[in-house]
Amino acid sequence: MGDTGTYVPNFDGENRVDPSVVANLPKGCRVVSTESHGISFWGHTGRINVELEDGTPFSFFMKVVSNERGKNMVHGEYESMKAIHTLLPDFAPKPIAWGTYQDVPDMHYLLCDYREMTDDMPDPHKFAARLATLHESSKSPTGKFGFHMTTYSGNLPQMTEWEDSWETFFAKSLKKALDLEIKAKGPDPELDHLLPLLFDKVIPRLLRPLESDGRSVKPSLVHGDLWYANSGIDVETGDSLVFDACSFYAHNEYEFGQWRPICNRFGDEYLAAYHSYVQVSAPEEDYDGRLDLYKLRFNTHVSALFTENNTLREQMLNDIKDLVQRYG
């Protein structure tokens, strides 16, 4: 398999599993079959069915992505899922390993326990209770905002460098997303006018009060891309699960910026349920504005990801104009 540039994993056509992956499977197990499973915009996903040493059937999920960027993507997802699973083992499939194919050195993989899921929406209170526990029980290892490595939302990196201040961290995170978006879609004179107002007026107006007058923000572990397609219901247990994480330690309400876009299915009932466990951060009157600011961060990154979709640029511009009008 020397030509890595044309190699495409074929889970349906070959039951052979790369030796690097086999080395991370349970000792003494036998690979029975492989099959395609799930959908990924950025890689190939499949299921490995094995027979354990005692004859018990068991399955694993695998994601495969090429190139150096793919290596960084699966590493970041592994560390994100490990952080979530360590805190809440029933809220995420167990990540087993990440690594590089032995036979195809430009292919990289993430290996997890396989969990059969439906795409039904979870019960708001059960889901919110788990998410609240994740946010509340997590503790940043440095006491700061960020993560110990770069994580990727889609196939683009996020800012994860440690910062003491949430306002500073968020501003750098949004600037990183904007730089990627402008690189993908080109400059815009309207952006040139709006961005100084966004960074000099809107962000301080909405985020500085969180860390003023004796208030502080706890760095909470967030999933990082918690739209409805990154959650499911475990068929066996009926419990809600999350996957495809790109985590870091953030203001817990940042998670809900991804719940604001129109296409989202986590409605107001999920926010209400969440806030029955965790209070809205003070000052409460800025809550809607903060979530709209966090929504902008997600919409900006999505516009950078889908380079041919100019509607996403318009959506981003409209978000900025709305925030500047209200808070600039």
# chains A, B, ... in the order shown; residues from 1 in each chain; ligands from 1
call {"tool": "residues_around", "arguments": {"residues": "Pro157 in chain A", "least_positions_apart": "6", "cutoff": "10 Å", "atoms": "only C-alpha atoms", "output": "JSON, numbers by chain"}}
result
{"A": [69, 72, 73, 76, 150, 151, 176, 177, 180, 246, 301]}
call {"tool": "write_last_selection", "arguments": {"atoms": "all heavy atoms", "output": "PDB file, in the first residue's frame"}}
result
ATOM      1  N   ARG A  69      -2.772  17.021   8.972  1.00  0.00           N
ATOM      2  CA  ARG A  69      -3.942  17.635   9.604  1.00  0.00           C
ATOM      3  C   ARG A  69      -4.841  16.562  10.205  1.00  0.00           C
ATOM      4  O   ARG A  69      -5.353  16.716  11.318  1.00  0.00           O
ATOM      5  CB  ARG A  69      -4.719  18.471   8.597  1.00  0.00           C
ATOM      6  CG  ARG A  69      -5.964  19.118   9.187  1.00  0.00           C
ATOM      7  CD  ARG A  69      -6.826  19.774   8.127  1.00  0.00           C
ATOM      8  NE  ARG A  69      -6.180  20.912   7.510  1.00  0.00           N
ATOM      9  CZ  ARG A  69      -6.788  21.742   6.672  1.00  0.00           C
ATOM     10  NH1 ARG A  69      -8.058  21.559   6.353  1.00  0.00           N
ATOM     11  NH2 ARG A  69      -6.133  22.759   6.142  1.00  0.00           N
ATOM     12  N   ASN A  72      -3.566  15.380  13.506  1.00  0.00           N
ATOM     13  CA  ASN A  72      -3.872  16.319  14.582  1.00  0.00           C
ATOM     14  C   ASN A  72      -5.348  16.260  14.965  1.00  0.00           C
ATOM     15  O   ASN A  72      -5.705  16.414  16.143  1.00  0.00           O
ATOM     16  CB  ASN A  72      -3.496  17.736  14.157  1.00  0.00           C
ATOM     17  CG  ASN A  72      -2.010  17.906  13.936  1.00  0.00           C
ATOM     18  OD1 ASN A  72      -1.200  17.185  14.530  1.00  0.00           O
ATOM     19  ND2 ASN A  72      -1.632  18.829  13.067  1.00  0.00           N
ATOM     20  N   MET A  73      -6.214  16.049  13.972  1.00  0.00           N
ATOM     21  CA  MET A  73      -7.648  15.975  14.237  1.00  0.00           C
ATOM     22  C   MET A  73      -7.996  14.799  15.139  1.00  0.00           C
ATOM     23  O   MET A  73      -8.721  14.960  16.138  1.00  0.00           O
ATOM     24  CB  MET A  73      -8.419  15.866  12.913  1.00  0.00           C
ATOM     25  CG  MET A  73      -8.454  17.140  12.089  1.00  0.00           C
ATOM     26  SD  MET A  73      -8.976  16.846  10.370  1.00  0.00           S
ATOM     27  CE  MET A  73     -10.643  16.187  10.604  1.00  0.00           C
ATOM     28  N   GLY A  76      -6.654  15.265  18.706  1.00  0.00           N
ATOM     29  CA  GLY A  76      -7.459  16.201  19.481  1.00  0.00           C
ATOM     30  C   GLY A  76      -8.796  15.614  19.890  1.00  0.00           C
ATOM     31  O   GLY A  76      -9.265  15.826  21.020  1.00  0.00           O
ATOM     32  N   THR A 150      -4.118  21.534  20.791  1.00  0.00           N
ATOM     33  CA  THR A 150      -5.068  22.081  19.833  1.00  0.00           C
ATOM     34  C   THR A 150      -6.129  21.033  19.508  1.00  0.00           C
ATOM     35  O   THR A 150      -5.818  19.872  19.276  1.00  0.00           O
ATOM     36  CB  THR A 150      -4.345  22.491  18.533  1.00  0.00           C
ATOM     37  OG1 THR A 150      -3.379  23.488  18.842  1.00  0.00           O
ATOM     38  CG2 THR A 150      -5.336  23.051  17.513  1.00  0.00           C
ATOM     39  N   THR A 151      -7.393  21.452  19.518  1.00  0.00           N
ATOM     40  CA  THR A 151      -8.479  20.583  19.069  1.00  0.00           C
ATOM     41  C   THR A 151      -9.072  21.174  17.793  1.00  0.00           C
ATOM     42  O   THR A 151      -8.929  22.371  17.521  1.00  0.00           O
ATOM     43  CB  THR A 151      -9.563  20.418  20.146  1.00  0.00           C
ATOM     44  OG1 THR A 151     -10.076  21.701  20.527  1.00  0.00           O
ATOM     45  CG2 THR A 151      -8.992  19.721  21.377  1.00  0.00           C
ATOM     46  N   LYS A 176      -9.158  33.901  15.852  1.00  0.00           N
ATOM     47  CA  LYS A 176      -8.648  32.737  15.118  1.00  0.00           C
ATOM     48  C   LYS A 176      -9.683  32.258  14.096  1.00  0.00           C
ATOM     49  O   LYS A 176      -9.354  31.988  12.933  1.00  0.00           O
ATOM     50  CB  LYS A 176      -8.332  31.611  16.103  1.00  0.00           C
ATOM     51  CG  LYS A 176      -7.997  30.264  15.476  1.00  0.00           C
ATOM     52  CD  LYS A 176      -6.557  30.154  15.126  1.00  0.00           C
ATOM     53  CE  LYS A 176      -6.168  28.743  14.763  1.00  0.00           C
ATOM     54  NZ  LYS A 176      -4.760  28.631  14.384  1.00  0.00           N
ATOM     55  N   ALA A 177     -10.936  32.160  14.521  1.00  0.00           N
ATOM     56  CA  ALA A 177     -12.002  31.713  13.613  1.00  0.00           C
ATOM     57  C   ALA A 177     -12.184  32.706  12.468  1.00  0.00           C
ATOM     58  O   ALA A 177     -12.378  32.317  11.310  1.00  0.00           O
ATOM     59  CB  ALA A 177     -13.306  31.530  14.388  1.00  0.00           C
ATOM     60  N   LEU A 180      -9.431  32.393   9.876  1.00  0.00           N
ATOM     61  CA  LEU A 180      -9.667  31.231   9.014  1.00  0.00           C
ATOM     62  C   LEU A 180     -10.775  31.521   8.003  1.00  0.00           C
ATOM     63  O   LEU A 180     -10.694  31.125   6.843  1.00  0.00           O
ATOM     64  CB  LEU A 180     -10.041  30.016   9.870  1.00  0.00           C
ATOM     65  CG  LEU A 180      -8.931  29.430  10.742  1.00  0.00           C
ATOM     66  CD1 LEU A 180      -9.504  28.414  11.732  1.00  0.00           C
ATOM     67  CD2 LEU A 180      -7.853  28.759   9.885  1.00  0.00           C
ATOM     68  N   CYS A 246     -14.666  18.431  20.484  1.00  0.00           N
ATOM     69  CA  CYS A 246     -13.447  19.237  20.265  1.00  0.00           C
ATOM     70  C   CYS A 246     -13.345  20.175  21.462  1.00  0.00           C
ATOM     71  O   CYS A 246     -13.620  21.362  21.382  1.00  0.00           O
ATOM     72  CB  CYS A 246     -13.513  19.992  18.942  1.00  0.00           C
ATOM     73  SG  CYS A 246     -15.033  20.919  18.649  1.00  0.00           S
ATOM     74  N   HIS A 301     -16.805  29.941  12.444  1.00  0.00           N
ATOM     75  CA  HIS A 301     -16.019  28.733  12.173  1.00  0.00           C
ATOM     76  C   HIS A 301     -16.679  27.895  11.076  1.00  0.00           C
ATOM     77  O   HIS A 301     -15.994  27.360  10.190  1.00  0.00           O
ATOM     78  CB  HIS A 301     -15.861  27.923  13.460  1.00  0.00           C
ATOM     79  CG  HIS A 301     -14.800  26.876  13.395  1.00  0.00           C
ATOM     80  ND1 HIS A 301     -13.506  27.085  13.817  1.00  0.00           N
ATOM     81  CD2 HIS A 301     -14.834  25.601  12.928  1.00  0.00           C
ATOM     82  CE1 HIS A 301     -12.797  25.987  13.631  1.00  0.00           C
ATOM     83  NE2 HIS A 301     -13.576  25.066  13.097  1.00  0.00           N
TER      84      HIS A 301
END
call {"tool": "residues_around", "arguments": {"residues": "Pro283 in chain A", "least_positions_apart": "2", "cutoff": "7 Å", "atoms": "only C-alpha atoms", "output": "PyMOL selection string"}}
result
chain A and resi 209-210+281+285-286
call {"tool": "write_last_selection", "arguments": {"atoms": "N, CA, C and O atoms", "output": "mmCIF file, in the first residue's frame"}}
result
data_model
loop_
_atom_site.group_PDB
_atom_site.id
_atom_site.type_symbol
_atom_site.label_atom_id
_atom_site.label_comp_id
_atom_site.auth_asym_id
_atom_site.auth_seq_id
_atom_site.Cartn_x
_atom_site.Cartn_y
_atom_site.Cartn_z
ATOM 1 N N PRO A 209 -18.085 42.132 32.277
ATOM 2 C CA PRO A 209 -18.856 42.089 33.530
ATOM 3 C C PRO A 209 -18.851 40.723 34.206
ATOM 4 O O PRO A 209 -19.047 40.639 35.431
ATOM 5 N N LEU A 210 -18.638 39.647 33.460
ATOM 6 C CA LEU A 210 -18.556 38.320 34.072
ATOM 7 C C LEU A 210 -17.403 38.211 35.063
ATOM 8 O O LEU A 210 -17.450 37.388 35.991
ATOM 9 N N SER A 281 -25.279 32.791 34.529
ATOM 10 C CA SER A 281 -24.193 33.615 35.076
ATOM 11 C C SER A 281 -24.647 35.057 35.214
ATOM 12 O O SER A 281 -25.413 35.578 34.388
ATOM 13 N N GLU A 285 -28.931 39.844 32.937
ATOM 14 C CA GLU A 285 -29.535 40.625 31.850
ATOM 15 C C GLU A 285 -28.711 40.568 30.562
ATOM 16 O O GLU A 285 -29.199 40.918 29.480
ATOM 17 N N ASP A 286 -27.458 40.126 30.648
ATOM 18 C CA ASP A 286 -26.607 40.008 29.453
ATOM 19 C C ASP A 286 -26.641 38.615 28.826
ATOM 20 O O ASP A 286 -25.950 38.361 27.833
#
call {"tool": "residues_around", "arguments": {"residues": "Met159 in chain A", "least_positions_apart": "6", "cutoff": "12 Å", "atoms": "only C-alpha atoms", "output": "JSON, numbers by chain"}}
result
{"A": [145, 146, 147, 148, 149, 150, 151, 152, 153, 168, 169, 170, 171, 172, 173, 174, 175, 176, 177, 178, 179, 180, 224, 246, 247, 248, 249, 250, 297, 301]}
call {"tool": "write_last_selection", "arguments": {"atoms": "N, CA and C atoms", "output": "PDB file, in the first residue's frame"}}
result
ATOM      1  N   PHE A 145      -8.439  28.994  31.177  1.00  0.00           N
ATOM      2  CA  PHE A 145      -9.249  28.631  30.018  1.00  0.00           C
ATOM      3  C   PHE A 145      -8.322  28.131  28.903  1.00  0.00           C
ATOM      4  N   GLY A 146      -8.745  27.050  28.223  1.00  0.00           N
ATOM      5  CA  GLY A 146      -7.928  26.497  27.157  1.00  0.00           C
ATOM      6  C   GLY A 146      -7.912  24.978  27.232  1.00  0.00           C
ATOM      7  N   PHE A 147      -6.896  24.384  26.633  1.00  0.00           N
ATOM      8  CA  PHE A 147      -6.746  22.927  26.630  1.00  0.00           C
ATOM      9  C   PHE A 147      -5.270  22.625  26.440  1.00  0.00           C
ATOM     10  N   HIS A 148      -4.869  21.404  26.772  1.00  0.00           N
ATOM     11  CA  HIS A 148      -3.444  21.086  26.738  1.00  0.00           C
ATOM     12  C   HIS A 148      -2.934  20.838  25.323  1.00  0.00           C
ATOM     13  N   MET A 149      -3.829  20.846  24.334  1.00  0.00           N
ATOM     14  CA  MET A 149      -3.410  20.699  22.945  1.00  0.00           C
ATOM     15  C   MET A 149      -4.469  21.346  22.055  1.00  0.00           C
ATOM     16  N   THR A 150      -4.118  21.534  20.791  1.00  0.00           N
ATOM     17  CA  THR A 150      -5.068  22.081  19.833  1.00  0.00           C
ATOM     18  C   THR A 150      -6.129  21.033  19.508  1.00  0.00           C
ATOM     19  N   THR A 151      -7.393  21.452  19.518  1.00  0.00           N
ATOM     20  CA  THR A 151      -8.479  20.583  19.069  1.00  0.00           C
ATOM     21  C   THR A 151      -9.072  21.174  17.793  1.00  0.00           C
ATOM     22  N   TYR A 152      -9.708  20.314  17.023  1.00  0.00           N
ATOM     23  CA  TYR A 152     -10.219  20.695  15.705  1.00  0.00           C
ATOM     24  C   TYR A 152     -11.735  20.575  15.679  1.00  0.00           C
ATOM     25  N   SER A 153     -12.397  21.641  15.269  1.00  0.00           N
ATOM     26  CA  SER A 153     -13.822  21.589  14.961  1.00  0.00           C
ATOM     27  C   SER A 153     -13.926  21.397  13.456  1.00  0.00           C
ATOM     28  N   THR A 168     -10.338  37.482  27.424  1.00  0.00           N
ATOM     29  CA  THR A 168      -9.143  37.397  26.577  1.00  0.00           C
ATOM     30  C   THR A 168      -9.156  36.127  25.745  1.00  0.00           C
ATOM     31  N   PHE A 169      -9.485  35.006  26.392  1.00  0.00           N
ATOM     32  CA  PHE A 169      -9.517  33.734  25.662  1.00  0.00           C
ATOM     33  C   PHE A 169     -10.525  33.787  24.527  1.00  0.00           C
ATOM     34  N   PHE A 170     -11.735  34.265  24.831  1.00  0.00           N
ATOM     35  CA  PHE A 170     -12.773  34.268  23.806  1.00  0.00           C
ATOM     36  C   PHE A 170     -12.392  35.181  22.643  1.00  0.00           C
ATOM     37  N   ALA A 171     -11.859  36.356  22.941  1.00  0.00           N
ATOM     38  CA  ALA A 171     -11.471  37.278  21.867  1.00  0.00           C
ATOM     39  C   ALA A 171     -10.433  36.628  20.950  1.00  0.00           C
ATOM     40  N   LYS A 172      -9.460  35.926  21.527  1.00  0.00           N
ATOM     41  CA  LYS A 172      -8.444  35.239  20.711  1.00  0.00           C
ATOM     42  C   LYS A 172      -9.064  34.092  19.915  1.00  0.00           C
ATOM     43  N   SER A 173     -10.020  33.389  20.537  1.00  0.00           N
ATOM     44  CA  SER A 173     -10.695  32.285  19.861  1.00  0.00           C
ATOM     45  C   SER A 173     -11.502  32.790  18.663  1.00  0.00           C
ATOM     46  N   LEU A 174     -12.224  33.891  18.855  1.00  0.00           N
ATOM     47  CA  LEU A 174     -13.011  34.448  17.759  1.00  0.00           C
ATOM     48  C   LEU A 174     -12.105  34.998  16.660  1.00  0.00           C
ATOM     49  N   LYS A 175     -11.003  35.624  17.050  1.00  0.00           N
ATOM     50  CA  LYS A 175     -10.073  36.154  16.048  1.00  0.00           C
ATOM     51  C   LYS A 175      -9.486  35.021  15.204  1.00  0.00           C
ATOM     52  N   LYS A 176      -9.158  33.901  15.852  1.00  0.00           N
ATOM     53  CA  LYS A 176      -8.648  32.737  15.118  1.00  0.00           C
ATOM     54  C   LYS A 176      -9.683  32.258  14.096  1.00  0.00           C
ATOM     55  N   ALA A 177     -10.936  32.160  14.521  1.00  0.00           N
ATOM     56  CA  ALA A 177     -12.002  31.713  13.613  1.00  0.00           C
ATOM     57  C   ALA A 177     -12.184  32.706  12.468  1.00  0.00           C
ATOM     58  N   LEU A 178     -12.127  34.007  12.766  1.00  0.00           N
ATOM     59  CA  LEU A 178     -12.268  35.036  11.728  1.00  0.00           C
ATOM     60  C   LEU A 178     -11.102  34.991  10.744  1.00  0.00           C
ATOM     61  N   ASP A 179      -9.909  34.789  11.246  1.00  0.00           N
ATOM     62  CA  ASP A 179      -8.743  34.686  10.349  1.00  0.00           C
ATOM     63  C   ASP A 179      -8.923  33.526   9.371  1.00  0.00           C
ATOM     64  N   LEU A 180      -9.431  32.393   9.876  1.00  0.00           N
ATOM     65  CA  LEU A 180      -9.667  31.231   9.014  1.00  0.00           C
ATOM     66  C   LEU A 180     -10.775  31.521   8.003  1.00  0.00           C
ATOM     67  N   GLY A 224     -17.729  21.368  22.925  1.00  0.00           N
ATOM     68  CA  GLY A 224     -17.112  22.232  21.935  1.00  0.00           C
ATOM     69  C   GLY A 224     -17.820  22.290  20.594  1.00  0.00           C
ATOM     70  N   CYS A 246     -14.666  18.431  20.484  1.00  0.00           N
ATOM     71  CA  CYS A 246     -13.447  19.237  20.265  1.00  0.00           C
ATOM     72  C   CYS A 246     -13.345  20.175  21.462  1.00  0.00           C
ATOM     73  N   SER A 247     -12.933  19.616  22.569  1.00  0.00           N
ATOM     74  CA  SER A 247     -13.119  20.239  23.874  1.00  0.00           C
ATOM     75  C   SER A 247     -12.064  21.275  24.222  1.00  0.00           C
ATOM     76  N   PHE A 248     -12.414  22.085  25.199  1.00  0.00           N
ATOM     77  CA  PHE A 248     -11.493  22.940  25.952  1.00  0.00           C
ATOM     78  C   PHE A 248     -12.236  23.424  27.183  1.00  0.00           C
ATOM     79  N   TYR A 249     -11.535  24.129  28.049  1.00  0.00           N
ATOM     80  CA  TYR A 249     -12.147  24.678  29.257  1.00  0.00           C
ATOM     81  C   TYR A 249     -12.605  26.095  28.955  1.00  0.00           C
ATOM     82  N   ALA A 250     -13.898  26.350  29.198  1.00  0.00           N
ATOM     83  CA  ALA A 250     -14.538  27.582  28.753  1.00  0.00           C
ATOM     84  C   ALA A 250     -15.585  28.010  29.771  1.00  0.00           C
ATOM     85  N   ARG A 297     -19.262  32.989  17.199  1.00  0.00           N
ATOM     86  CA  ARG A 297     -18.021  32.199  17.141  1.00  0.00           C
ATOM     87  C   ARG A 297     -18.256  30.889  16.368  1.00  0.00           C
ATOM     88  N   HIS A 301     -16.805  29.941  12.444  1.00  0.00           N
ATOM     89  CA  HIS A 301     -16.019  28.733  12.173  1.00  0.00           C
ATOM     90  C   HIS A 301     -16.679  27.895  11.076  1.00  0.00           C
TER      91      HIS A 301
END
call {"tool": "closest_residue", "arguments": {"among": "A:Glu269, A:Asp225, A:Asp200, A:Glu161", "to": "Gly328 in chain A", "atoms": "only C-alpha atoms"}}
result
A:Asp200
call {"tool": "atom_distance", "arguments": {"atom1": "CA of Val64 in chain A", "atom2": "CA of Ser240 in chain A"}}
result
24.6 Å
call {"tool": "closest_residue", "arguments": {"among": "A:Ile182, A:Ala128, A:Val32, A:Leu296", "to": "Arg260 in chain A", "atoms": "only C-alpha atoms"}}
result
A:Leu296
call {"tool": "closest_residue", "arguments": {"among": "A:Arg130, A:Lys218, A:Arg326, A:His251", "to": "Leu88 in chain A", "atoms": "only C-alpha atoms"}}
result
A:Arg130
call {"tool": "closest_residue", "arguments": {"among": "A:Phe266, A:Gly257, A:Asn15, A:Ala273", "to": "Phe298 in chain A", "atoms": "only C-alpha atoms"}}
result
A:Gly257
call {"tool": "atom_distance", "arguments": {"atom1": "CA of Arg47 in chain A", "atom2": "CA of Asp18 in chain A"}}
result
13.5 Å
call {"tool": "residues_around", "arguments": {"residues": "Ser140 in chain A", "least_positions_apart": "3", "cutoff": "7 Å", "atoms": "only C-alpha atoms", "output": "ChimeraX atom specification"}}
result
/A:143-144,219-220,249
call {"tool": "write_last_selection", "arguments": {"atoms": "all heavy atoms", "output": "tab-separated table (two decimals), in the first residue's frame"}}
result
chain	number	residue	atom	x	y	z
A	143	GLY	N	-6.23	25.77	36.02
A	143	GLY	CA	-7.09	26.82	36.55
A	143	GLY	C	-7.41	27.89	35.51
A	143	GLY	O	-8.03	28.91	35.83
A	144	LYS	N	-7.01	27.65	34.26
A	144	LYS	CA	-7.19	28.65	33.20
A	144	LYS	C	-8.14	28.12	32.13
A	144	LYS	O	-8.57	26.96	32.16
A	144	LYS	CB	-5.83	28.99	32.56
A	144	LYS	CG	-4.81	29.57	33.54
A	144	LYS	CD	-3.50	29.87	32.84
A	144	LYS	CE	-2.48	30.43	33.82
A	144	LYS	NZ	-1.22	30.83	33.13
A	219	PRO	N	-13.61	27.91	34.66
A	219	PRO	CA	-13.32	27.19	33.42
A	219	PRO	C	-13.93	25.78	33.47
A	219	PRO	O	-13.55	24.96	34.30
A	219	PRO	CB	-11.79	27.12	33.39
A	219	PRO	CG	-11.32	28.16	34.37
A	219	PRO	CD	-12.38	28.21	35.42
A	220	SER	N	-14.92	25.54	32.61
A	220	SER	CA	-15.63	24.26	32.57
A	220	SER	C	-15.26	23.51	31.30
A	220	SER	O	-15.12	24.12	30.23
A	220	SER	CB	-17.14	24.49	32.59
A	220	SER	OG	-17.55	25.10	33.80
A	249	TYR	N	-11.53	24.13	28.05
A	249	TYR	CA	-12.15	24.68	29.26
A	249	TYR	C	-12.60	26.10	28.96
A	249	TYR	O	-11.82	26.94	28.53
A	249	TYR	CB	-11.17	24.63	30.43
A	249	TYR	CG	-10.90	23.21	30.88
A	249	TYR	CD1	-9.89	22.45	30.30
A	249	TYR	CD2	-11.68	22.62	31.87
A	249	TYR	CE1	-9.66	21.14	30.67
A	249	TYR	CE2	-11.46	21.30	32.26
A	249	TYR	CZ	-10.45	20.57	31.66
A	249	TYR	OH	-10.25	19.27	32.04
call {"tool": "atom_distance", "arguments": {"atom1": "CA of Trp42 in chain A", "atom2": "CA of Val65 in chain A"}}
result
7.0 Å
call {"tool": "residues_around", "arguments": {"residues": "Asn230 in chain A", "least_positions_apart": "6", "cutoff": "12 Å", "atoms": "only C-alpha atoms", "output": "list in words"}}
result
Gly38, Ile39, Ser40, Phe91, Ala92, Pro93, Met117, Thr118, Asp119, Asp120, Met121, Pro122, Ser153, Gly154, His223, Gly224, Ser240, Leu241, Val242, Phe243, Asp244, Ala245, Cys246, Gln258, Asn264, Arg265 and Phe266 of chain A
call {"tool": "write_last_selection", "arguments": {"atoms": "N, CA, C and O atoms", "output": "tab-separated table (two decimals), in the first residue's frame"}}
result
chain	number	residue	atom	x	y	z
A	38	GLY	N	-21.83	5.20	9.90
A	38	GLY	CA	-21.86	6.63	10.17
A	38	GLY	C	-21.39	7.45	8.98
A	38	GLY	O	-21.02	6.92	7.92
A	39	ILE	N	-21.40	8.76	9.20
A	39	ILE	CA	-21.01	9.72	8.16
A	39	ILE	C	-20.05	10.73	8.76
A	39	ILE	O	-20.25	11.21	9.88
A	40	SER	N	-19.01	11.06	8.02
A	40	SER	CA	-18.09	12.11	8.43
A	40	SER	C	-17.79	13.00	7.23
A	40	SER	O	-17.51	12.50	6.14
A	91	PHE	N	-21.64	9.03	29.45
A	91	PHE	CA	-22.08	10.13	28.59
A	91	PHE	C	-21.36	10.13	27.25
A	91	PHE	O	-21.71	10.90	26.36
A	92	ALA	N	-20.37	9.26	27.09
A	92	ALA	CA	-19.58	9.25	25.85
A	92	ALA	C	-19.00	7.86	25.63
A	92	ALA	O	-18.62	7.18	26.60
A	93	PRO	N	-18.91	7.41	24.38
A	93	PRO	CA	-18.22	6.15	24.11
A	93	PRO	C	-16.77	6.22	24.59
A	93	PRO	O	-16.13	7.28	24.51
A	117	MET	N	-26.59	3.53	18.41
A	117	MET	CA	-27.36	4.71	18.78
A	117	MET	C	-28.48	4.97	17.80
A	117	MET	O	-28.38	4.66	16.62
A	118	THR	N	-29.52	5.62	18.30
A	118	THR	CA	-30.53	6.24	17.44
A	118	THR	C	-30.27	7.74	17.42
A	118	THR	O	-29.57	8.27	18.30
A	119	ASP	N	-30.84	8.43	16.42
A	119	ASP	CA	-30.64	9.87	16.36
A	119	ASP	C	-31.83	10.63	16.95
A	119	ASP	O	-32.05	11.81	16.66
A	120	ASP	N	-32.61	9.95	17.81
A	120	ASP	CA	-33.70	10.63	18.50
A	120	ASP	C	-33.15	11.71	19.43
A	120	ASP	O	-32.03	11.58	19.96
A	121	MET	N	-33.93	12.74	19.64
A	121	MET	CA	-33.53	13.77	20.59
A	121	MET	C	-33.69	13.26	22.02
A	121	MET	O	-34.67	12.57	22.33
A	122	PRO	N	-32.75	13.57	22.90
A	122	PRO	CA	-32.81	13.05	24.27
A	122	PRO	C	-33.86	13.78	25.11
A	122	PRO	O	-34.31	14.88	24.77
A	153	SER	N	-12.40	21.64	15.27
A	153	SER	CA	-13.82	21.59	14.96
A	153	SER	C	-13.93	21.40	13.46
A	153	SER	O	-13.51	22.26	12.69
A	154	GLY	N	-14.46	20.24	13.03
A	154	GLY	CA	-14.34	19.88	11.61
A	154	GLY	C	-12.88	19.63	11.31
A	154	GLY	O	-12.17	18.96	12.07
A	223	HIS	N	-17.99	20.31	25.51
A	223	HIS	CA	-17.89	19.42	24.36
A	223	HIS	C	-17.25	20.15	23.20
A	223	HIS	O	-16.35	19.65	22.53
A	224	GLY	N	-17.73	21.37	22.92
A	224	GLY	CA	-17.11	22.23	21.93
A	224	GLY	C	-17.82	22.29	20.59
A	224	GLY	O	-17.60	23.23	19.82
A	240	SER	N	-28.52	9.11	26.97
A	240	SER	CA	-27.99	10.03	25.97
A	240	SER	C	-26.48	9.95	25.93
A	240	SER	O	-25.82	9.75	26.96
A	241	LEU	N	-25.93	10.09	24.72
A	241	LEU	CA	-24.49	10.04	24.51
A	241	LEU	C	-24.06	11.23	23.66
A	241	LEU	O	-24.84	11.74	22.85
A	242	VAL	N	-22.82	11.66	23.82
A	242	VAL	CA	-22.24	12.68	22.95
A	242	VAL	C	-20.95	12.12	22.35
A	242	VAL	O	-20.31	11.24	22.91
A	243	PHE	N	-20.58	12.65	21.19
A	243	PHE	CA	-19.37	12.18	20.50
A	243	PHE	C	-18.85	13.32	19.62
A	243	PHE	O	-19.39	14.43	19.64
A	244	ASP	N	-17.78	13.07	18.87
A	244	ASP	CA	-17.17	14.08	17.99
A	244	ASP	C	-16.84	15.37	18.74
A	244	ASP	O	-17.08	16.48	18.24
A	245	ALA	N	-16.26	15.24	19.91
A	245	ALA	CA	-15.96	16.42	20.73
A	245	ALA	C	-14.69	17.12	20.26
A	245	ALA	O	-13.78	16.50	19.70
A	246	CYS	N	-14.67	18.43	20.48
A	246	CYS	CA	-13.45	19.24	20.27
A	246	CYS	C	-13.35	20.18	21.46
A	246	CYS	O	-13.62	21.36	21.38
A	258	GLN	N	-23.87	27.09	20.18
A	258	GLN	CA	-24.16	26.14	19.11
A	258	GLN	C	-25.65	25.77	19.08
A	258	GLN	O	-26.11	25.15	18.12
A	264	ASN	N	-30.68	24.28	14.50
A	264	ASN	CA	-30.46	23.47	15.69
A	264	ASN	C	-31.77	22.85	16.20
A	264	ASN	O	-32.85	23.40	15.99
A	265	ARG	N	-31.64	21.71	16.87
A	265	ARG	CA	-32.82	21.04	17.44
A	265	ARG	C	-32.79	21.00	18.96
A	265	ARG	O	-33.71	20.47	19.58
A	266	PHE	N	-31.76	21.54	19.58
A	266	PHE	CA	-31.75	21.71	21.04
A	266	PHE	C	-32.49	23.02	21.35
A	266	PHE	O	-31.90	24.10	21.33
call {"tool": "residues_around", "arguments": {"residues": "Trp259 in chain A", "least_positions_apart": "5", "cutoff": "9 Å", "atoms": "only C-alpha atoms", "output": "ChimeraX atom specification"}}
result
/A:226-228,264-268,271,291,295
call {"tool": "closest_residue", "arguments": {"among": "A:Gly186, A:Gly46, A:Gly55, A:Ala129", "to": "Glu308 in chain A", "atoms": "only C-alpha atoms"}}
result
A:Gly186
